[in-house]
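I have placed the structure first, in the form of structure tokens, so that the comments after it can refer back to it.
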Amino acid sequence: MHAPLPPIDHLLGIGLHAVALAEAHLLTHPPTTITDKSAKDPVTDVDIAIEHLIRDRLHQAIPQVAFLGEEEGGNPDAPTLWVLDPVDGTVNYHRGLPLCGISLALIHHGRAVLGIICLPMLNHRYWAADGHGAWRDGAPIAASTTTDMDQAIVAVGDYGFGDDVADHNDASFALHRHLAASARRVRMLGSAAVDLALVADGTLDASITLSNKLWDMAAGSVIAREAGALVIDHDGSAHGPTSQMTIATAPALREPILAATRQATDGILLRT
């Protein structure tokens with residue numbers, strides 16, 4: 001028998017408090033070191049410090065819930081776990097671009113049920129939980145109601161990094177070509193947390209990321225879903241931790257967004 005999930009309001013309060021502490025740290029501690037974990041995949045001392053800060057705060061508040069962080073790992077197989085990207089968009093952050101965020105989610109038996117995204121340099125905080133709607137700075141938000149691609153602004157996830165990314169990047173190039181022909185504008189913002197938060201509040205009409213790393217997508221998927229966006233895989237199935245890609249879209253744009261993604265990735269096996 002599965003252990004019951006603690007009250008979602010209680011968990012949300014714990015998560016919001018931890019992320020607020022991390023936001024304060026980010027805004028008052030500029031990065032002093034940056035190193036590459038792999039080719040084009042950097043980490044700063046602030047990423048590490050925030051991961052430690054949030055992990056320790058969550059453990060103090062609710063030690064029975066496991067933790068997985070992008071930088072130092074954890075227990076991905078636990079039935080209930082917090083998942084953190086301490087700074088999503090590290091390159092943006094390090095270079096002073098404001099499109100970066102702290103992304104914290106709660107996964108319960110394979111489903112993301114709570115998400116918090118803080119965009120410190122934009123002074124916005126987003127959160128959502130199953131059945132509780134989506135919120136930005138204390139006010140409810142809703143996804144776009146755009147119905148036509150020629151009016152849609154679509155974000156595409158960043159190019160690949162590390163080794164063996166040629167297929168991923170070829171698919172990204174193709175996706176840009178397809179979208180440039182049909183969408184009003186195409187954007188590449190460099191942060192999945194930013195992309196999904198902006199889909200949730202209707203700033204963007206859709207975002208397409210040709211991958212699905214848990215710490216990148218879990219929080220934003222809850223927020224976009226609770227705001228009324230469709231959050232799906234490339235085959236149209238509901239998005240989850242085992243999905244290959246991450247697509248969040250205004251409901252009326254489902255078919256053209258999926259068609260563009262299929263055309264761009266046809267015959268290409270992408271790494272997640």
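A note on labels: chains of the structure tokens are A, B, ... as shown, every chain counts residues from 1, and ligands are counted from 1 in their shown order.
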With only C-alpha atoms counted and 12 Å as the cut-off, give the residues of range 121-190 of chain A in contact with range 79-97 of chain A, each with its shortest interatomic distance in Å and the pair that gives it, as JSON lines.
{"residue": "A:Met121", "atom": "CA", "partner": "A:Leu97", "partner_atom": "CA", "distance": 8.4}
{"residue": "A:Leu122", "atom": "CA", "partner": "A:Leu97", "partner_atom": "CA", "distance": 10.2}
{"residue": "A:Gly157", "atom": "CA", "partner": "A:Gly89", "partner_atom": "CA", "distance": 11.0}
{"residue": "A:Asp158", "atom": "CA", "partner": "A:Gly89", "partner_atom": "CA", "distance": 9.7}
{"residue": "A:Met188", "atom": "CA", "partner": "A:Gly89", "partner_atom": "CA", "distance": 11.6}
{"residue": "A:Leu189", "atom": "CA", "partner": "A:Gly89", "partner_atom": "CA", "distance": 8.8}
{"residue": "A:Gly190", "atom": "CA", "partner": "A:Gly89", "partner_atom": "CA", "distance": 5.8}
**Prompt:** Residues of range 112-252 of chain A in strand (DSSP E or B) according to DSSP, as a PyMOL selection string?
**Reply:** chain A and resi 112-119+124-129+134-136+139-140+153-156+185-187+206-209+230-232+238+246-249
The selected residues should be written to file as a short mmCIF file (atom, residue, chain, number, x, y, z; two decimals), in the first residue's frame (atoms: N, CA, C and O atoms).
data_model
loop_
_atom_site.label_atom_id
_atom_site.label_comp_id
_atom_site.auth_asym_id
_atom_site.auth_seq_id
_atom_site.Cartn_x
_atom_site.Cartn_y
_atom_site.Cartn_z
N ALA A 112 4.14 14.39 -11.26
CA ALA A 112 4.48 15.68 -10.68
C ALA A 112 3.20 16.32 -10.15
O ALA A 112 2.25 16.54 -10.90
N VAL A 113 3.16 16.58 -8.84
CA VAL A 113 1.92 17.04 -8.21
C VAL A 113 2.04 18.46 -7.65
O VAL A 113 1.03 19.05 -7.25
N LEU A 114 3.23 19.01 -7.62
CA LEU A 114 3.45 20.34 -7.07
C LEU A 114 4.64 20.94 -7.78
O LEU A 114 5.64 20.26 -8.02
N GLY A 115 4.54 22.21 -8.14
CA GLY A 115 5.65 22.88 -8.81
C GLY A 115 5.79 24.32 -8.35
O GLY A 115 4.79 25.03 -8.16
N ILE A 116 7.03 24.75 -8.18
CA ILE A 116 7.36 26.13 -7.82
C ILE A 116 8.48 26.58 -8.73
O ILE A 116 9.50 25.89 -8.86
N ILE A 117 8.30 27.72 -9.37
CA ILE A 117 9.36 28.32 -10.18
C ILE A 117 9.51 29.77 -9.73
O ILE A 117 8.55 30.53 -9.73
N CYS A 118 10.72 30.12 -9.35
CA CYS A 118 11.03 31.50 -9.00
C CYS A 118 11.95 32.07 -10.07
O CYS A 118 12.96 31.45 -10.42
N LEU A 119 11.61 33.22 -10.59
CA LEU A 119 12.45 33.92 -11.57
C LEU A 119 13.00 35.16 -10.87
O LEU A 119 12.42 36.25 -10.97
N HIS A 124 9.41 37.43 -10.22
CA HIS A 124 8.16 36.67 -10.32
C HIS A 124 8.32 35.31 -9.64
O HIS A 124 9.38 34.68 -9.72
N ARG A 125 7.23 34.86 -9.02
CA ARG A 125 7.18 33.54 -8.41
C ARG A 125 5.91 32.84 -8.86
O ARG A 125 4.82 33.39 -8.72
N TYR A 126 6.07 31.65 -9.40
CA TYR A 126 4.96 30.84 -9.91
C TYR A 126 4.84 29.60 -9.04
O TYR A 126 5.85 29.04 -8.61
N TRP A 127 3.60 29.16 -8.82
CA TRP A 127 3.42 27.88 -8.14
C TRP A 127 2.08 27.27 -8.52
O TRP A 127 1.17 27.95 -8.98
N ALA A 128 2.01 25.96 -8.34
CA ALA A 128 0.78 25.22 -8.64
C ALA A 128 0.84 23.89 -7.93
O ALA A 128 1.92 23.38 -7.61
N ALA A 129 -0.34 23.32 -7.69
CA ALA A 129 -0.45 21.97 -7.14
C ALA A 129 -1.70 21.34 -7.72
O ALA A 129 -2.64 22.04 -8.13
N ALA A 134 -3.06 27.47 -10.87
CA ALA A 134 -1.70 28.00 -11.03
C ALA A 134 -1.69 29.47 -10.68
O ALA A 134 -2.66 30.20 -10.98
N TRP A 135 -0.59 29.91 -10.09
CA TRP A 135 -0.52 31.25 -9.52
C TRP A 135 0.81 31.91 -9.85
O TRP A 135 1.84 31.24 -9.94
N ARG A 136 0.77 33.22 -10.03
CA ARG A 136 1.99 34.03 -10.18
C ARG A 136 1.88 35.21 -9.23
O ARG A 136 0.95 36.00 -9.32
N ALA A 139 -1.55 35.79 -7.65
CA ALA A 139 -2.73 35.97 -8.48
C ALA A 139 -2.87 34.77 -9.43
O ALA A 139 -1.87 34.24 -9.93
N PRO A 140 -4.10 34.34 -9.69
CA PRO A 140 -4.28 33.18 -10.58
C PRO A 140 -3.87 33.53 -12.01
O PRO A 140 -4.01 34.66 -12.46
N ILE A 153 3.21 32.76 -30.50
CA ILE A 153 4.62 32.89 -30.16
C ILE A 153 5.03 31.58 -29.50
O ILE A 153 4.45 31.17 -28.49
N VAL A 154 6.02 30.92 -30.08
CA VAL A 154 6.41 29.57 -29.66
C VAL A 154 7.88 29.58 -29.25
O VAL A 154 8.74 30.06 -30.00
N ALA A 155 8.16 29.07 -28.07
CA ALA A 155 9.54 28.92 -27.62
C ALA A 155 10.04 27.51 -27.93
O ALA A 155 9.29 26.54 -27.82
N VAL A 156 11.30 27.42 -28.31
CA VAL A 156 11.94 26.13 -28.57
C VAL A 156 13.08 25.97 -27.57
O VAL A 156 13.83 26.92 -27.30
N ARG A 185 6.01 34.21 -34.25
CA ARG A 185 7.40 34.37 -33.86
C ARG A 185 7.88 33.09 -33.18
O ARG A 185 7.10 32.37 -32.56
N VAL A 186 9.20 32.84 -33.30
CA VAL A 186 9.84 31.71 -32.62
C VAL A 186 10.91 32.30 -31.70
O VAL A 186 11.65 33.21 -32.09
N ARG A 187 10.98 31.77 -30.48
CA ARG A 187 11.94 32.27 -29.50
C ARG A 187 12.74 31.11 -28.91
O ARG A 187 12.25 29.99 -28.77
N ALA A 206 3.08 28.49 -26.73
CA ALA A 206 3.54 27.10 -26.67
C ALA A 206 5.03 27.08 -26.45
O ALA A 206 5.74 28.06 -26.73
N SER A 207 5.52 25.95 -25.92
CA SER A 207 6.96 25.70 -25.86
C SER A 207 7.19 24.25 -26.23
O SER A 207 6.39 23.37 -25.90
N ILE A 208 8.30 24.01 -26.92
CA ILE A 208 8.67 22.66 -27.36
C ILE A 208 10.10 22.42 -26.95
O ILE A 208 11.01 23.16 -27.36
N THR A 209 10.32 21.40 -26.14
CA THR A 209 11.67 21.01 -25.75
C THR A 209 11.87 19.56 -26.16
O THR A 209 11.07 18.70 -25.79
N LEU A 230 -2.08 22.36 -22.35
CA LEU A 230 -1.84 20.94 -22.55
C LEU A 230 -0.35 20.69 -22.39
O LEU A 230 0.47 21.40 -23.00
N VAL A 231 0.01 19.71 -21.59
CA VAL A 231 1.42 19.35 -21.42
C VAL A 231 1.53 17.89 -21.84
O VAL A 231 1.00 17.00 -21.19
N ILE A 232 2.23 17.67 -22.96
CA ILE A 232 2.18 16.38 -23.65
C ILE A 232 3.56 15.98 -24.17
O ILE A 232 4.47 16.80 -24.24
N ALA A 238 -0.15 12.20 -22.45
CA ALA A 238 0.09 13.09 -21.32
C ALA A 238 1.56 13.05 -20.91
O ALA A 238 2.18 11.98 -20.87
N THR A 246 9.01 17.37 -24.17
CA THR A 246 8.15 18.19 -23.32
C THR A 246 7.52 19.28 -24.16
O THR A 246 8.21 20.20 -24.62
N ILE A 247 6.22 19.18 -24.36
CA ILE A 247 5.47 20.15 -25.15
C ILE A 247 4.37 20.73 -24.28
O ILE A 247 3.57 19.99 -23.71
N ALA A 248 4.34 22.04 -24.16
CA ALA A 248 3.26 22.73 -23.45
C ALA A 248 2.64 23.71 -24.43
O ALA A 248 3.34 24.50 -25.05
N THR A 249 1.32 23.66 -24.56
CA THR A 249 0.69 24.44 -25.60
C THR A 249 -0.71 24.88 -25.23
O THR A 249 -1.42 24.19 -24.48
#
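The space between CA of Arg225 in chain A and CA of Ser237 in chain A spans 13.4 Å.
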Counting only C-alpha atoms, closest pick from A:Tyr159, A:Asp137, A:Ile257, A:Ala252 relative to His178 in chain A is A:Ile257
Run DSSP on the backbone and tell me which residues of range 108-272 of chain A come out as alpha helix (DSSP H); list them as number ranges by chain. A: 166-182, 192-200, 214-226, 254-265
* Nearby residues (only C-alpha atoms) at most 12 Å from Met245 in chain A, same-chain spacing under 6 positions excluded, as a VMD selection string -> chain A and resid 156 to 157 168 192 207 to 214 216 to 217 221 231 to 239 258 261 to 262 265 269 to 272
So that I can see what lies close to Thr145 in chain A, please list as a PyMOL selection string the residues with an atom at most 12 Å from it, counting only C-alpha atoms and leaving out residues fewer than 2 positions away in the same chain. chain A and resi 142-143+147-149+151-152+199-206+227-230+249-254
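Counting only C-alpha atoms and comparing A:Asp195, A:Arg111, A:Asn123, A:Ile223, the residue that lies closest to Thr242 in chain A is A:Arg111.
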The residue from A:Pro42, A:Pro256, A:Pro30, A:Gly69 with the smallest atom-to-atom distance to Phe161 in chain A, counting only C-alpha atoms, is A:Pro42
| Surrounding residues of Gly13 in chain A excluding itself and chain neighbours under 2 positions, 12 Å, only C-alpha atoms, as a list in words | Pro6, Pro7, Ile8, Asp9, His10, Leu11, Gly15, Leu16, His17, Ala18, Val19, Ala20, Leu58, Ala61, Ile62, Leu114, Gly115, Ile116, Trp127, Ala128 and Ala129 of chain A
A straight line from CA of His108 in chain A to CA of Leu5 in chain A spans 7.6 Å
May I have the residues within 7 Å of Val46 in chain A as an mmCIF file with all heavy atoms, in the first residue's frame, using only C-alpha atoms and disregarding those fewer than 3 positions away in the same chain?
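Okay, this is what ended up in part-v2.cif:
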data_model
loop_
_atom_site.group_PDB
_atom_site.id
_atom_site.type_symbol
_atom_site.label_atom_id
_atom_site.label_comp_id
_atom_site.auth_asym_id
_atom_site.auth_seq_id
_atom_site.Cartn_x
_atom_site.Cartn_y
_atom_site.Cartn_z
ATOM 1 N N LEU A 26 20.572 33.828 -4.106
ATOM 2 C CA LEU A 26 20.982 34.129 -5.483
ATOM 3 C C LEU A 26 21.137 35.633 -5.701
ATOM 4 O O LEU A 26 22.082 36.075 -6.370
ATOM 5 C CB LEU A 26 19.965 33.537 -6.456
ATOM 6 C CG LEU A 26 20.287 33.675 -7.942
ATOM 7 C CD1 LEU A 26 19.776 32.457 -8.723
ATOM 8 C CD2 LEU A 26 19.675 34.943 -8.546
ATOM 9 N N PRO A 31 27.912 34.864 -8.627
ATOM 10 C CA PRO A 31 28.770 33.685 -8.825
ATOM 11 C C PRO A 31 30.240 34.094 -8.881
ATOM 12 O O PRO A 31 30.592 35.129 -9.440
ATOM 13 C CB PRO A 31 28.295 33.127 -10.168
ATOM 14 C CG PRO A 31 27.681 34.296 -10.874
ATOM 15 C CD PRO A 31 27.071 35.145 -9.801
ATOM 16 N N ALA A 49 25.490 25.989 -4.021
ATOM 17 C CA ALA A 49 25.051 26.523 -2.736
ATOM 18 C C ALA A 49 23.532 26.475 -2.597
ATOM 19 O O ALA A 49 23.003 26.130 -1.527
ATOM 20 C CB ALA A 49 25.553 27.959 -2.569
ATOM 21 N N ILE A 50 22.826 26.802 -3.670
ATOM 22 C CA ILE A 50 21.363 26.775 -3.608
ATOM 23 C C ILE A 50 20.851 25.347 -3.455
ATOM 24 O O ILE A 50 19.900 25.094 -2.709
ATOM 25 C CB ILE A 50 20.771 27.461 -4.855
ATOM 26 C CG1 ILE A 50 20.962 28.973 -4.741
ATOM 27 C CG2 ILE A 50 19.294 27.114 -5.029
ATOM 28 C CD1 ILE A 50 20.499 29.747 -5.950
#
